[in-house]
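Coordinates as given in coords07.txt (compact mmCIF, C-alpha atoms):
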```
# COMPACT_ATOMS: atom_id res chain seq x y z
CA MET W 334 -14.76 2.42 -11.75
CA ASP W 335 -14.80 2.66 -7.97
CA LEU W 336 -14.07 6.35 -7.33
CA PRO W 337 -17.58 7.67 -8.12
CA VAL W 338 -19.08 4.79 -6.13
CA TRP W 339 -17.05 5.91 -3.10
CA GLN W 340 -18.39 9.43 -3.66
CA ALA W 341 -21.95 8.11 -3.25
CA VAL W 342 -20.90 6.38 -0.03
CA ARG W 343 -19.26 9.60 1.12
CA ASN W 344 -22.45 11.57 0.43
CA GLU W 345 -24.32 9.16 2.68
CA LEU W 346 -21.81 8.80 5.51
CA ARG W 347 -19.98 12.16 5.69
CA PRO W 348 -22.86 13.79 7.63
CA LEU W 349 -22.51 10.93 10.14
CA GLY W 350 -18.80 11.58 10.67
CA LEU W 351 -16.91 9.46 8.11
CA GLU W 352 -14.41 10.79 5.59
CA ILE W 353 -13.21 8.73 2.65
CA VAL W 354 -9.70 9.01 1.25
CA THR W 355 -8.61 7.14 -1.86
CA VAL W 356 -4.97 6.59 -2.75
CA ALA W 357 -3.74 5.63 -6.22
CA MET W 358 -0.73 3.32 -6.03
CA ASP W 359 0.60 4.15 -9.46
CA THR W 360 4.35 4.56 -9.96
CA ASN W 361 3.45 6.76 -12.92
CA VAL W 362 0.97 9.21 -11.43
CA ALA W 363 -0.17 10.40 -14.85
CA SER W 364 -1.84 6.99 -15.34
CA ALA W 365 -4.16 7.74 -12.43
CA HIS W 366 -4.96 11.35 -13.40
CA PRO W 367 -7.74 10.65 -15.96
CA PHE W 368 -9.65 8.54 -13.41
CA ILE W 369 -9.22 11.16 -10.69
CA ASP W 370 -10.27 13.98 -13.00
CA ALA W 371 -13.33 12.12 -14.27
CA ALA W 372 -14.52 11.19 -10.76
CA LYS W 373 -14.65 14.85 -9.53
CA THR W 374 -14.95 13.76 -5.90
CA THR W 375 -15.31 15.95 -2.84
CA TYR W 376 -13.24 13.55 -0.72
CA PRO W 377 -9.42 13.72 -0.84
CA GLN W 378 -7.89 11.73 -3.68
CA LEU W 379 -4.21 11.11 -3.07
CA LEU W 380 -1.34 9.51 -4.96
CA ASP W 381 1.26 7.10 -3.66
CA PRO W 382 3.83 6.78 -6.45
CA GLU W 383 6.35 5.30 -4.00
CA HIS W 384 3.95 2.49 -2.95
CA SER W 385 4.68 3.64 0.61
CA LEU W 386 1.40 2.20 1.90
CA GLY W 387 2.87 -1.26 1.36
CA ALA W 388 5.67 -0.73 3.87
CA LEU W 389 3.67 1.49 6.22
CA LEU W 390 0.40 -0.44 6.39
CA GLY W 391 0.82 -3.76 4.60
CA ILE W 392 -1.19 -3.04 1.44
CA ILE W 393 -0.39 -5.91 -0.96
CA ASN W 394 -3.18 -5.65 -3.53
CA VAL W 395 -5.90 -3.28 -4.59
CA PRO W 396 -8.50 -2.49 -3.54
CA MET W 397 -7.48 -2.68 0.10
CA GLY W 398 -8.38 -0.28 2.89
CA VAL W 399 -7.82 0.64 6.52
CA TRP W 400 -10.10 2.26 9.09
CA ILE W 401 -8.81 5.05 11.33
CA ASP W 402 -10.78 6.40 14.29
CA GLU W 403 -11.12 10.01 15.47
CA GLU W 404 -7.94 9.71 17.58
CA GLY W 405 -5.80 8.47 14.71
CA ILE W 406 -5.87 4.83 15.81
CA LEU W 407 -6.32 2.04 13.28
CA VAL W 408 -9.42 0.02 14.05
CA ARG W 409 -9.06 -2.29 11.08
CA PRO W 410 -5.74 -3.18 9.42
CA ALA W 411 -5.15 -3.43 5.68
CA GLU W 412 -7.70 -5.80 4.19
CA PRO W 413 -9.59 -6.14 0.91
CA ALA W 414 -12.15 -3.34 0.72
CA PHE W 415 -14.68 -3.18 -2.06
CA ALA W 416 -16.69 -0.31 -3.47
CA PRO W 417 -20.35 -1.37 -3.56
CA ARG W 418 -20.54 -1.58 -7.34
CA GLU W 419 -23.76 -2.83 -8.85
CA ARG W 420 -21.98 -5.14 -11.24
CA GLY W 421 -19.33 -7.59 -10.10
CA TYR W 422 -15.75 -7.87 -11.28
CA GLY W 423 -15.67 -9.33 -14.74
CA ASP W 424 -19.27 -8.27 -15.46
CA VAL W 425 -18.43 -5.87 -18.28
CA ASP W 426 -20.04 -5.23 -21.65
CA LEU W 427 -17.23 -6.00 -24.02
CA PRO W 428 -16.89 -4.05 -27.25
CA GLU W 429 -16.36 -5.98 -30.46
CA GLY W 430 -12.74 -6.81 -31.04
CA THR W 431 -11.88 -7.22 -27.35
CA PRO W 432 -8.66 -9.27 -27.26
CA GLN W 433 -9.07 -12.88 -26.14
CA ARG W 434 -6.64 -12.34 -23.25
CA MET W 435 -8.86 -9.58 -21.87
CA LYS W 436 -11.92 -11.85 -22.17
CA ASP W 437 -10.02 -14.59 -20.31
CA MET W 438 -8.96 -12.15 -17.58
CA LEU W 439 -12.53 -10.93 -17.08
CA ALA W 440 -13.77 -14.52 -16.97
CA GLU W 441 -11.23 -15.20 -14.22
CA ALA W 442 -12.16 -11.97 -12.40
CA ALA W 443 -15.80 -13.11 -12.39
CA LYS W 444 -14.71 -16.08 -10.27
CA LEU W 445 -13.23 -13.90 -7.49
CA ASP W 446 -14.88 -14.73 -4.20
CA VAL W 447 -15.92 -11.25 -3.04
CA ASP W 448 -18.94 -9.67 -1.39
CA LEU W 449 -18.97 -6.19 -2.91
CA GLN W 450 -21.50 -4.93 -0.36
CA ALA W 451 -19.57 -6.08 2.72
CA THR W 452 -17.29 -3.05 3.16
CA VAL W 453 -20.05 -0.46 3.04
CA ARG W 454 -22.26 -2.58 5.28
CA MET W 455 -19.46 -2.72 7.86
CA LEU W 456 -18.67 0.99 7.51
CA ARG W 457 -22.31 1.92 8.13
CA ASP W 458 -22.26 -0.09 11.34
CA TRP W 459 -19.01 1.53 12.52
CA VAL W 460 -20.22 5.04 11.74
CA ARG W 461 -23.36 4.47 13.81
CA ASN W 462 -21.85 2.49 16.69
CA GLY W 463 -18.23 3.67 16.91
CA LYS W 464 -16.11 1.60 19.31
CA LYS W 465 -19.16 -0.59 20.05
CA SER W 466 -19.37 -1.71 16.43
CA GLN W 467 -18.63 -5.41 16.05
CA TYR W 468 -16.26 -4.40 13.26
CA ALA W 469 -14.14 -1.95 15.33
CA LEU W 470 -11.13 -3.95 16.53
CA THR W 471 -8.95 -3.28 19.56
CA PRO W 472 -5.37 -2.08 18.95
CA ASP W 473 -4.03 -5.53 19.89
CA GLU W 474 -6.37 -7.23 17.44
CA VAL W 475 -5.42 -4.75 14.69
CA ILE W 476 -1.72 -5.56 15.15
CA LYS W 477 -2.39 -9.29 15.37
CA ARG W 478 -4.47 -9.27 12.19
CA SER W 479 -1.92 -7.26 10.19
CA ALA W 480 0.17 -9.40 7.85
CA PRO W 481 3.27 -11.23 9.11
CA ARG W 482 6.47 -9.47 8.14
CA PRO W 483 9.38 -11.86 7.80
CA GLN W 484 12.75 -10.61 6.55
CA GLU W 485 11.80 -11.60 2.97
CA VAL W 486 9.02 -8.99 2.98
CA SER W 487 11.45 -6.25 3.99
CA LEU W 488 13.88 -7.44 1.32
CA ALA W 489 11.08 -7.48 -1.27
CA ALA W 490 10.10 -3.91 -0.36
CA ALA W 491 13.69 -2.69 -0.66
CA ASN W 492 14.12 -4.41 -4.02
CA PHE W 493 10.83 -3.04 -5.32
CA GLU W 494 11.68 0.48 -4.22
CA LEU W 495 15.07 0.33 -5.89
CA GLY W 496 13.46 -1.01 -9.07
CA GLN W 497 10.87 1.70 -9.00
CA HIS W 498 13.48 4.41 -8.52
CA LEU W 499 15.52 3.12 -11.46
CA HIS W 500 12.42 2.84 -13.63
CA ARG W 501 11.38 6.37 -12.82
CA THR W 502 14.81 7.72 -13.64
CA GLY W 503 14.77 6.13 -17.09
CA ARG W 504 16.74 2.96 -16.36
CA GLU W 505 13.99 0.43 -17.14
CA ALA W 506 16.32 -2.46 -17.99
CA ASP W 507 18.24 -1.96 -14.75
CA ALA W 508 14.99 -1.86 -12.79
CA ARG W 509 13.68 -5.26 -13.90
CA PRO W 510 16.04 -7.52 -11.90
CA PHE W 511 14.96 -5.68 -8.74
CA PHE W 512 11.28 -6.07 -9.63
CA ARG W 513 11.87 -9.77 -10.32
CA ALA W 514 13.57 -10.15 -6.95
CA ALA W 515 10.59 -8.47 -5.22
CA HIS W 516 8.18 -10.85 -6.98
CA ARG W 517 10.22 -13.88 -5.93
CA LEU W 518 10.64 -12.74 -2.32
CA GLN W 519 6.97 -11.85 -1.73
CA PRO W 520 4.83 -13.65 -4.30
CA GLU W 521 1.60 -12.75 -2.49
CA ASN W 522 2.25 -9.05 -3.09
CA TRP W 523 0.13 -8.28 -6.14
CA THR W 524 0.90 -4.56 -6.18
CA TYR W 525 4.56 -5.37 -6.90
CA LYS W 526 3.62 -7.77 -9.66
CA ARG W 527 0.76 -5.86 -11.27
CA GLN W 528 2.74 -2.61 -11.27
CA ALA W 529 5.79 -4.16 -12.95
CA TRP W 530 3.78 -6.25 -15.42
CA SER W 531 1.73 -3.24 -16.46
CA MET W 532 4.90 -1.28 -17.26
CA VAL W 533 5.56 -3.83 -20.02
CA ASP W 534 2.00 -4.66 -21.09
CA PRO W 535 -1.22 -2.90 -19.98
CA MET W 536 -2.94 -6.30 -19.92
CA GLN W 537 -0.23 -7.67 -17.61
CA GLY W 538 0.37 -10.59 -19.96
CA PRO W 539 3.45 -12.79 -20.33
CA SER W 540 6.67 -11.06 -21.34
CA GLU W 541 10.32 -11.91 -21.74
CA TYR W 542 11.09 -9.84 -18.64
CA TYR W 543 9.05 -11.57 -15.94
CA ASP W 544 8.46 -15.16 -14.96
CA SER W 545 4.73 -14.74 -14.47
CA ASP W 546 1.67 -12.77 -15.55
CA TRP W 547 -1.71 -11.93 -14.01
CA LEU W 548 -3.80 -14.61 -15.69
CA SER W 549 -1.31 -17.44 -15.08
CA ASP W 550 -0.73 -16.43 -11.46
CA VAL W 551 -4.43 -16.11 -10.63
CA ARG W 552 -5.14 -19.49 -12.21
CA LYS W 553 -2.23 -20.98 -10.27
CA ILE W 554 -3.54 -19.89 -6.85
CA GLY W 555 -7.24 -20.12 -7.78
CA ALA W 556 -9.38 -17.01 -8.25
CA LYS W 557 -11.15 -17.66 -4.94
CA ASN W 558 -7.86 -17.11 -3.11
CA TYR W 559 -6.97 -13.85 -4.84
CA TYR W 560 -8.39 -11.70 -2.05
CA ALA W 561 -8.10 -12.75 1.58
CA LYS W 562 -11.43 -13.37 3.29
CA VAL W 563 -12.50 -10.39 5.40
CA GLU W 564 -13.34 -11.57 8.92
CA ALA W 565 -15.87 -9.68 10.99
CA MET Q 76 13.77 4.48 1.56
CA ILE Q 77 16.16 5.28 -1.33
CA LEU Q 78 19.60 6.39 -0.22
CA ASP Q 79 22.52 7.81 -2.13
CA ARG Q 80 24.56 7.83 1.06
CA LEU Q 81 24.34 5.67 4.14
CA ASP Q 82 24.09 8.54 6.62
CA PRO Q 83 20.89 10.52 5.98
CA THR Q 84 19.71 13.16 8.42
CA ALA Q 85 17.41 12.00 11.21
CA ALA Q 86 14.59 14.07 9.65
CA GLU Q 87 15.01 12.37 6.26
CA PHE Q 88 15.10 8.99 7.97
CA ALA Q 89 11.95 9.69 9.99
CA ARG Q 90 10.06 11.07 6.99
CA ALA Q 91 10.82 8.02 4.85
CA THR Q 92 10.55 5.23 7.41
CA GLY Q 93 8.20 6.56 10.09
CA TRP Q 94 10.87 5.84 12.75
CA GLU Q 95 12.07 8.78 14.81
CA LEU Q 96 15.42 8.69 16.56
CA LYS Q 97 15.06 9.64 20.22
CA PRO Q 98 17.32 9.23 23.25
CA GLU Q 99 15.49 5.97 24.09
CA GLY Q 100 15.99 4.53 20.60
CA ALA Q 101 14.08 4.38 17.30
CA CYS Q 102 10.42 5.16 18.04
CA ARG Q 103 7.16 4.86 16.14
CA GLY Q 104 3.90 5.45 17.95
CA GLU Q 105 4.35 4.09 21.47
CA VAL Q 106 6.98 1.53 20.37
CA CYS Q 107 10.69 2.32 20.95
CA ILE Q 108 13.53 -0.03 19.96
CA PRO Q 109 16.89 0.55 21.69
CA LEU Q 110 19.75 1.25 19.27
CA PRO Q 111 23.42 0.31 19.55
CA LYS Q 112 25.93 3.05 20.32
CA GLY Q 113 26.98 4.99 17.25
CA SER Q 114 23.61 4.72 15.51
CA GLN Q 115 23.42 8.50 15.38
CA ARG Q 116 26.51 10.58 14.80
CA GLY Q 117 27.45 13.71 16.67
CA ASP Q 118 26.14 15.86 13.81
CA GLY Q 119 22.76 14.11 14.03
CA ARG Q 120 23.16 12.00 10.89
CA VAL Q 121 21.96 8.41 11.05
CA ASN Q 122 24.23 5.37 10.68
CA VAL Q 123 21.82 3.42 8.49
CA ALA Q 124 23.66 0.09 8.70
CA SER Q 125 23.50 0.20 12.49
CA VAL Q 126 19.82 1.19 12.70
CA ALA Q 127 18.87 -1.29 9.95
CA GLY Q 128 20.50 -4.06 11.97
CA ALA Q 129 18.66 -3.13 15.15
CA LEU Q 130 15.26 -2.89 13.41
CA ASP Q 131 15.77 -5.87 11.07
CA MET Q 132 15.37 -3.65 8.03
CA ALA Q 133 16.69 -5.09 4.77
CA LEU Q 134 19.33 -2.97 3.06
CA VAL Q 135 19.67 -3.66 -0.67
CA ALA Q 136 22.45 -2.13 -2.75
CA SER Q 137 22.78 -1.36 -6.41
CA ASP Q 138 26.55 -1.08 -6.75
CA ALA Q 139 26.29 -0.01 -10.37
CA HIS Q 140 24.19 3.02 -9.46
CA LYS Q 141 25.70 3.72 -6.03
CA LEU Q 142 22.25 3.54 -4.51
CA TRP Q 143 20.68 1.67 -1.62
CA ALA Q 144 17.12 0.91 -0.58
CA LEU Q 145 16.07 0.32 2.99
CA GLY Q 146 13.07 -1.96 3.58
CA PRO Q 147 10.58 -1.70 6.46
CA ARG Q 148 11.16 -3.28 9.86
CA SER Q 149 10.73 -7.04 9.83
CA GLY Q 150 10.45 -9.79 12.37
CA GLY Q 151 6.90 -9.18 13.54
CA ARG Q 152 3.74 -8.01 11.84
CA ALA Q 153 3.16 -5.26 9.25
CA LEU Q 154 1.95 -3.11 12.16
CA SER Q 155 3.89 -2.83 15.40
CA THR Q 156 1.40 -0.27 16.73
CA ALA Q 157 -2.20 0.65 15.92
CA VAL Q 158 -1.27 4.35 15.89
CA VAL Q 159 -1.57 5.33 12.24
CA PRO Q 160 1.78 6.50 10.84
CA ASP Q 161 2.21 10.17 9.98
CA ILE Q 162 1.29 9.77 6.30
CA THR Q 163 1.62 12.70 3.92
CA LEU Q 164 0.84 12.08 0.25
CA PRO Q 165 0.38 14.38 -2.73
CA ASP Q 166 -3.00 15.11 -4.25
CA ARG Q 167 -3.75 15.30 -7.99
CA ASP Q 168 -1.98 18.65 -8.29
CA GLY Q 169 1.02 17.69 -6.21
CA ASN Q 170 -0.06 19.49 -3.04
CA PRO Q 171 0.90 17.53 0.09
CA PHE Q 172 -2.04 16.22 2.11
CA ARG Q 173 -1.44 15.14 5.69
CA LEU Q 174 -3.70 12.31 6.81
CA GLY Q 175 -3.36 13.63 10.37
CA SER Q 176 -5.32 16.73 9.32
CA LEU Q 177 -8.45 14.54 9.45
CA LYS Q 178 -8.04 13.81 13.17
CA GLY Q 179 -11.40 14.13 14.89
CA THR Q 180 -13.14 12.32 12.03
CA LYS Q 181 -13.47 8.63 11.24
CA VAL Q 182 -11.51 7.83 8.10
CA PHE Q 183 -11.77 5.00 5.61
CA MET Q 184 -8.68 5.03 3.40
CA CYS Q 185 -8.77 2.84 0.31
CA ALA Q 186 -5.90 2.03 -2.06
CA TRP Q 187 -6.57 1.55 -5.75
CA ALA Q 188 -4.54 1.73 -8.95
CA SER Q 189 -5.07 2.33 -12.66
CA TRP Q 190 -3.46 -1.00 -13.55
```
Do you think you could lay out the structure here as structure tokens?
Amino acid sequence: MDLPVWQAVRNELRPLGLEIVTVAMDTNVASAHPFIDAAKTTYPQLLDPEHSLGALLGIINVPMGVWIDEEGILVRPAEPAFAPRERGYGDVDLPEGTPQRMKDMLAEAAKLDVDLQATVRMLRDWVRNGKKSQYALTPDEVIKRSAPRPQEVSLAAANFELGQHLHRTGREADARPFFRAAHRLQPENWTYKRQAWSMVDPMQGPSEYYDSDWLSDVRKIGAKNYYAKVEA
Amino acid sequence: MILDRLDPTAAEFARATGWELKPEGACRGEVCIPLPKGSQRGDGRVNVASVAGALDMALVASDAHKLWALGPRSGGRALSTAVVPDITLPDRDGNPFRLGSLKGTKVFMCAWASW
């Protein structure tokens, strides 16, 4: 789990002027509580049950992060951001009786093309060098690197929000067509898909309600394309 | 933004979308988009259809539930300014935390989820 790993990074970099904030994008906040409670962090742990960071910043998967300087200016837009775990995704000791689907998902996760040390390496450089860091982007570059937002993305966000509202108010069946519409309109938005799939099946497997599932979709695009490459 | 009527107050609109209605138009950070006449009523309430049109925000209706959802501005990039929006989110115990309270410090904000 990443939260305690971020605490270790915070212990190292807080004295040098960096604060870490984690945000759980769980429609059902209670699902995030056990992880938050277990991590016992000294940095702020927030909840975003509305998935507002999608519309506000362009978060489309997790983990993704942004960098904000002392003046409240973004110096890196939403991009994949990895806790420097010692063991990679998919590298898990499986207990006996682990369902085959979970084994298949972890095998696929092991193929993700990620450098788990990159984010902390970049953060260390920024903390020491500030604006002179090669990783601190200008405002123009931040805007240019943020994801394109065609009308379909706005439509997807509105559909997802409506679905989420209906789900939360006990109208699950009514919510699903809006979730499906969001998935169709912005297929690259994994937070929309993973959130809706997990409401039906914690393993985000196939169901009668959705046209896709995590394993099939990752295999379709190729695990190496699951997270965008982080450019310096 | 979830709406049960198409004329929220300007404060509700700003809180949910990050766009403030000012005399020069709808503004976020240093960006201001001019709005057509009638976008804000005399009592200060916002004509959502008019503002949504000017900002290219999708407006999706659920007729059965008499609800609408307003999507973010489209037509450009996810960010129209590098000024971080005024984000306030609850902590574990439901207390609101304003990201702006960390001004003066570098911040790395990372999204995760239990799923």
Exercise. Work out how far atom CA of W:Ala372 is from atom CA of W:Val338, in Å to one decimal.
Key: 9.1 Å
Listing only residues of chain W within 7 Å of chain Q, what is the closest atom pair and its distance in Å (to one decimal) for each, using all atoms listed in the file, sorted by chain and residue number ascending, as a tab-separated table?
```
residue	atom	partner	partner_atom	distance
W:Gly350	CA	Q:Thr180	CA	5.9
W:Leu351	CA	Q:Lys181	CA	4.7
W:Glu352	CA	Q:Val182	CA	4.8
W:Ile353	CA	Q:Phe183	CA	5.0
W:Val354	CA	Q:Met184	CA	4.6
W:Thr355	CA	Q:Cys185	CA	4.8
W:Val356	CA	Q:Ala186	CA	4.7
W:Ala357	CA	Q:Ala188	CA	4.8
W:Met358	CA	Q:Ala188	CA	5.1
W:Asp359	CA	Q:Ala188	CA	5.7
W:Ser364	CA	Q:Ser189	CA	6.3
W:Ala365	CA	Q:Ser189	CA	5.5
W:His366	CA	Q:Arg167	CA	6.8
W:Gln378	CA	Q:Asp166	CA	6.0
W:Leu379	CA	Q:Asp166	CA	4.3
W:Leu380	CA	Q:Pro165	CA	5.6
W:Asp381	CA	Q:Leu164	CA	6.3
W:Ala388	CA	Q:Pro147	CA	5.6
W:Leu390	CA	Q:Ala153	CA	6.2
W:Gly391	CA	Q:Ala153	CA	5.4
W:Val395	CA	Q:Trp187	CA	5.0
W:Pro396	CA	Q:Trp187	CA	5.0
W:Met397	CA	Q:Ala186	CA	5.4
W:Gly398	CA	Q:Cys185	CA	4.1
W:Val399	CA	Q:Met184	CA	5.5
W:Trp400	CA	Q:Phe183	CA	4.7
W:Ile401	CA	Q:Val182	CA	5.0
W:Asp402	CA	Q:Lys181	CA	4.6
W:Glu403	CA	Q:Gly179	CA	4.2
W:Glu404	CA	Q:Lys178	CA	6.0
W:Gly405	CA	Q:Val159	CA	5.8
W:Ile406	CA	Q:Val158	CA	4.6
W:Leu407	CA	Q:Ala157	CA	5.1
W:Pro472	CA	Q:Ala157	CA	5.2
W:Val475	CA	Q:Ala157	CA	6.4
W:Ile476	CA	Q:Leu154	CA	5.3
W:Ser479	CA	Q:Ala153	CA	5.5
W:Ala480	CA	Q:Ala153	CA	5.3
W:Pro481	CA	Q:Arg152	CA	4.2
W:Arg482	CA	Q:Arg152	CA	4.8
W:Pro483	CA	Q:Gly150	CA	5.1
W:Gln484	CA	Q:Ser149	CA	5.3
W:Ser487	CA	Q:Gly146	CA	4.6
W:Leu488	CA	Q:Ala133	CA	5.0
W:Ala490	CA	Q:Gly146	CA	5.3
W:Ala491	CA	Q:Gly146	CA	4.3
W:Asn492	CA	Q:Val135	CA	6.5
W:Glu494	CA	Q:Ala144	CA	6.6
W:Leu495	CA	Q:Ala144	CA	5.7
W:Arg527	CA	Q:Trp190	CA	6.8
W:Gln528	CA	Q:Trp190	CA	6.8
W:Ser531	CA	Q:Trp190	CA	6.4
```
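Ranking W:Gln537, W:Thr502, W:Gln340, W:Thr360 by their shortest atom-to-atom distance to W:Ser549, with all atoms listed in the file included, puts W:Gln537 first.
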Self-check item: Pick from Q:Arg173, Q:Arg80, Q:Arg120, Q:Lys141, whichever lies nearest to Q:Leu96 using all atoms listed in the file
Solution: Q:Arg120
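Near (14.0, 8.3, 20.3), the residues inside the 12 Å limit, counting only C-alpha atoms, come to Ala85, Ala89, Gly93, Trp94, Glu95, Leu96, Lys97, Pro98, Glu99, Gly100, Ala101, Cys102, Arg103, Gly104, Glu105, Val106, Cys107, Ile108, Pro109, Leu110, Ser114, Gln115 and Val126 of chain Q.
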Practice problem: Could you please determine the separation between atom CA of W:Pro432 and atom CA of W:Met334 in Å, to one decimal place? | Solution: 20.4 Å
Quiz prompt | Proximity to W:Val563 - best of W:Asp458, W:Asp446, W:Asp544, W:Asp437, only C-alpha atoms | solution = W:Asp446
Exercise. May I have the residues within 9 Å of stretch 416-427 of chain W as a ChimeraX atom specification, using only C-alpha atoms and disregarding those fewer than 2 positions away in the same chain?
Key: /W:334-336,338-339,342,396,414,429-431,436,438-445,447-453
Keeping C-alpha atoms (and nothing else), can you write stretch 443-478 of chain W of this structure as a JSON list (two decimals), in the first residue's frame?
```json
[["chain", "number", "residue", "atom", "x", "y", "z"],
["W", 443, "ALA", "CA", 3.49, -6.96, -13.48],
["W", 444, "LYS", "CA", 3.76, -5.98, -17.16],
["W", 445, "LEU", "CA", 2.97, -2.29, -16.51],
["W", 446, "ASP", "CA", 5.78, -0.14, -17.81],
["W", 447, "VAL", "CA", 6.52, 2.00, -14.74],
["W", 448, "ASP", "CA", 9.59, 3.30, -12.96],
["W", 449, "LEU", "CA", 8.47, 3.33, -9.33],
["W", 450, "GLN", "CA", 11.47, 5.43, -8.26],
["W", 451, "ALA", "CA", 10.96, 8.18, -10.84],
["W", 452, "THR", "CA", 8.48, 10.35, -8.92],
["W", 453, "VAL", "CA", 10.51, 10.56, -5.73],
["W", 454, "ARG", "CA", 13.71, 11.13, -7.71],
["W", 455, "MET", "CA", 12.05, 14.07, -9.48],
["W", 456, "LEU", "CA", 10.54, 15.43, -6.25],
["W", 457, "ARG", "CA", 13.94, 15.41, -4.54],
["W", 458, "ASP", "CA", 15.37, 17.46, -7.38],
["W", 459, "TRP", "CA", 12.49, 19.97, -7.25],
["W", 460, "VAL", "CA", 12.72, 20.36, -3.49],
["W", 461, "ARG", "CA", 16.43, 21.16, -3.74],
["W", 462, "ASN", "CA", 16.39, 23.31, -6.88],
["W", 463, "GLY", "CA", 12.92, 24.90, -6.95],
["W", 464, "LYS", "CA", 12.17, 26.73, -10.20],
["W", 465, "LYS", "CA", 15.62, 25.74, -11.51],
["W", 466, "SER", "CA", 14.76, 22.05, -11.31],
["W", 467, "GLN", "CA", 14.60, 20.45, -14.75],
["W", 468, "TYR", "CA", 11.27, 19.00, -13.65],
["W", 469, "ALA", "CA", 9.61, 22.33, -12.72],
["W", 470, "LEU", "CA", 7.61, 23.37, -15.79],
["W", 471, "THR", "CA", 6.54, 26.87, -16.79],
["W", 472, "PRO", "CA", 2.81, 27.73, -16.56],
["W", 473, "ASP", "CA", 2.51, 27.53, -20.36],
["W", 474, "GLU", "CA", 4.12, 24.11, -20.43],
["W", 475, "VAL", "CA", 1.85, 22.90, -17.60],
["W", 476, "ILE", "CA", -1.25, 23.93, -19.56],
["W", 477, "LYS", "CA", 0.11, 22.49, -22.80],
["W", 478, "ARG", "CA", 0.91, 19.16, -21.16]]
```
